[in-house]
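Here the structure is laid out as C-alpha cells; the discussion comes afterwards.
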Amino acid sequence: MNSTEKYGTDVDTAVQLALDELGVGIDDVEVEVLDEPTKGFLGTGLGRKLAFVRVTKKVPDEPEEKEKPKNKAASTRAQKSQKNSRGGSQKNSQDRPKKEKVEKQAHAESDAASEIDFDAELEKIEHVTPAIDIESLQDLGENEGLTFLQDIIKAMGIEVSTVGKTDGKDIYMFIDGKDSGTIIGKRGATLDAIQYLTSLVVNKNGGDYKRVVVDAENYRAKREKTLEKLAMRMADKVARSGRSFKLEPMNPYERKVIHATLQKDNRVVTRSEGQDPARRVVIDVK
C-alpha cells in the first residue's frame, strides 16, 4: 500500500492513523489535507467536521552516480584528502571545550520546576493490557444510551462496532474497530465527552443513577495503569534530582490517579495547580 486516506479529530490525529497503517514515519510521506476540521459545540468535539487527509509514500530518489577518479593518482589523492578530513574532524571534536557541555547542563538544571514532556514519558512505559472479563457481563439489550452512542458514531462517519454490557448496576459500552483512535481523541478527550453526553441520556429521566462507562480498545484501563507507572517514574526523578516536576494538564480523574499512586510515597508530595482545563499535578520533594 502506497497511499491511504484517514479521518481524525484533527489533522495530526488523521495523519498519525495513516502513518500507523502505512508503517512509515512522517519524513517518508507526503500529506494532503482534503478537509480541515471544524469545532463542535461546547468544546465536546461532537457535531464537528472531521479532518480528512490523504497520505502517500514518497518515491525514493535514484542515487546519483559518484564521479570516478580519472586515474590512479587522482584516486590516491582523493583517498588521502578524505582521510585527512576525517582526522581533522575527529581532532576538532576531541578538542572541543567541555565548557559548553557544562553550561548547557547548568542551564537545564536552573529551573525550579521542570515541565515533563508527558507524551514522551508515556512512550517509555510499557502499556499494560488490563484483565477485563467482558464475558462475565450481561448483554445490555435495547438501551437509549447505546442508541445515542451509535447515532454519534454514524454522524462522525467512522467504522467501528459497539457492544453494550451491564453487571446489573453499571452500564458499559465498548467500541472496537480501525477508527477507534478517532473516538478516543487526544489523551481521551473525545471519549470523555462522548461518555459524559451518553450518561446524560441514560440518566435524564431520574430514578436510580446508573454509572456509564464508554471505552474504546480498553483505553481507560490501559491509561490508568500507564498513569500509575508514570507517577512512580516521576517520583523517582524527583527523589534523585531534588527538584519538583510538573506534569501536563489532566482531567480530574487522571489527576486523582497520580495523587492516589503517590499518596504513600514518603519521598514526595503532590499537589494540583492552575484552573481546569489547564490544571496539572506537581510532584515535589517531601
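Ordering of the C-alpha cells sets the chain letters (A, B, ...); residue numbers start at 1 within each chain; ligands are numbered from 1 in the order shown.
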Hey, could you make a per-residue contact list for range 143-207 of chain A against range 245-256 of chain A with 12 Å as the cut-off, showing the nearest pair of atoms and its distance in Å to one decimal, counting only C-alpha atoms, sorted by chain and number, as JSON lines?
{"residue": "A:Lys186", "atom": "CA", "partner": "A:Met250", "partner_atom": "CA", "distance": 11.4}
{"residue": "A:Arg187", "atom": "CA", "partner": "A:Met250", "partner_atom": "CA", "distance": 8.7}
{"residue": "A:Gly188", "atom": "CA", "partner": "A:Asn251", "partner_atom": "CA", "distance": 9.7}
{"residue": "A:Ala189", "atom": "CA", "partner": "A:Asn251", "partner_atom": "CA", "distance": 8.9}
{"residue": "A:Asp192", "atom": "CA", "partner": "A:Asn251", "partner_atom": "CA", "distance": 9.4}
{"residue": "A:Ala193", "atom": "CA", "partner": "A:Asn251", "partner_atom": "CA", "distance": 11.5}
How would the residues just chosen look if you wrote them out with N, CA and C atoms as an mmCIF file, in the first residue's frame?
data_model
loop_
_atom_site.group_PDB
_atom_site.id
_atom_site.type_symbol
_atom_site.label_atom_id
_atom_site.label_comp_id
_atom_site.auth_asym_id
_atom_site.auth_seq_id
_atom_site.Cartn_x
_atom_site.Cartn_y
_atom_site.Cartn_z
ATOM 1 N N LYS A 186 -7.270 12.972 21.441
ATOM 2 C CA LYS A 186 -6.007 13.240 22.122
ATOM 3 C C LYS A 186 -6.176 13.068 23.625
ATOM 4 N N ARG A 187 -5.427 12.112 24.170
ATOM 5 C CA ARG A 187 -5.475 11.780 25.599
ATOM 6 C C ARG A 187 -6.898 11.518 26.089
ATOM 7 N N GLY A 188 -7.734 10.953 25.231
ATOM 8 C CA GLY A 188 -9.069 10.532 25.644
ATOM 9 C C GLY A 188 -10.101 11.634 25.735
ATOM 10 N N ALA A 189 -9.793 12.829 25.190
ATOM 11 C CA ALA A 189 -10.716 13.962 25.337
ATOM 12 C C ALA A 189 -12.053 13.711 24.651
ATOM 13 N N ASP A 192 -14.051 11.014 26.546
ATOM 14 C CA ASP A 192 -14.634 11.567 27.780
ATOM 15 C C ASP A 192 -15.903 12.359 27.476
ATOM 16 N N ALA A 193 -15.861 13.150 26.400
ATOM 17 C CA ALA A 193 -17.028 13.959 26.039
ATOM 18 C C ALA A 193 -18.205 13.074 25.648
#
For range 131-145 of chain A, find every residue with an atom within 10 Å (counting only C-alpha atoms), except residues of its own chain fewer than 5 positions away, and show them as JSON, numbers by chain.
{"A": [150, 151, 163, 164, 165, 166, 167, 168, 171, 172, 173, 174, 195, 197, 198, 199, 200, 201, 202, 203, 212, 218, 221, 222]}
For Val33 in chain A, work out the shell of residues within 12 Å, counting only C-alpha atoms and skipping chain neighbours fewer than 6 positions away, then give it as a ChimeraX atom specification.
/A:5-8,10-12,14-15,50-56
Gap from CA of Lys58 in chain A to CA of Ala18 in chain A - Å, one decimal:
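Distance reported for this atom pair: 13.8 Å.
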Distance CA of Thr182 in chain A-CA of Glu217 in chain A, one decimal place?
11.6 Å
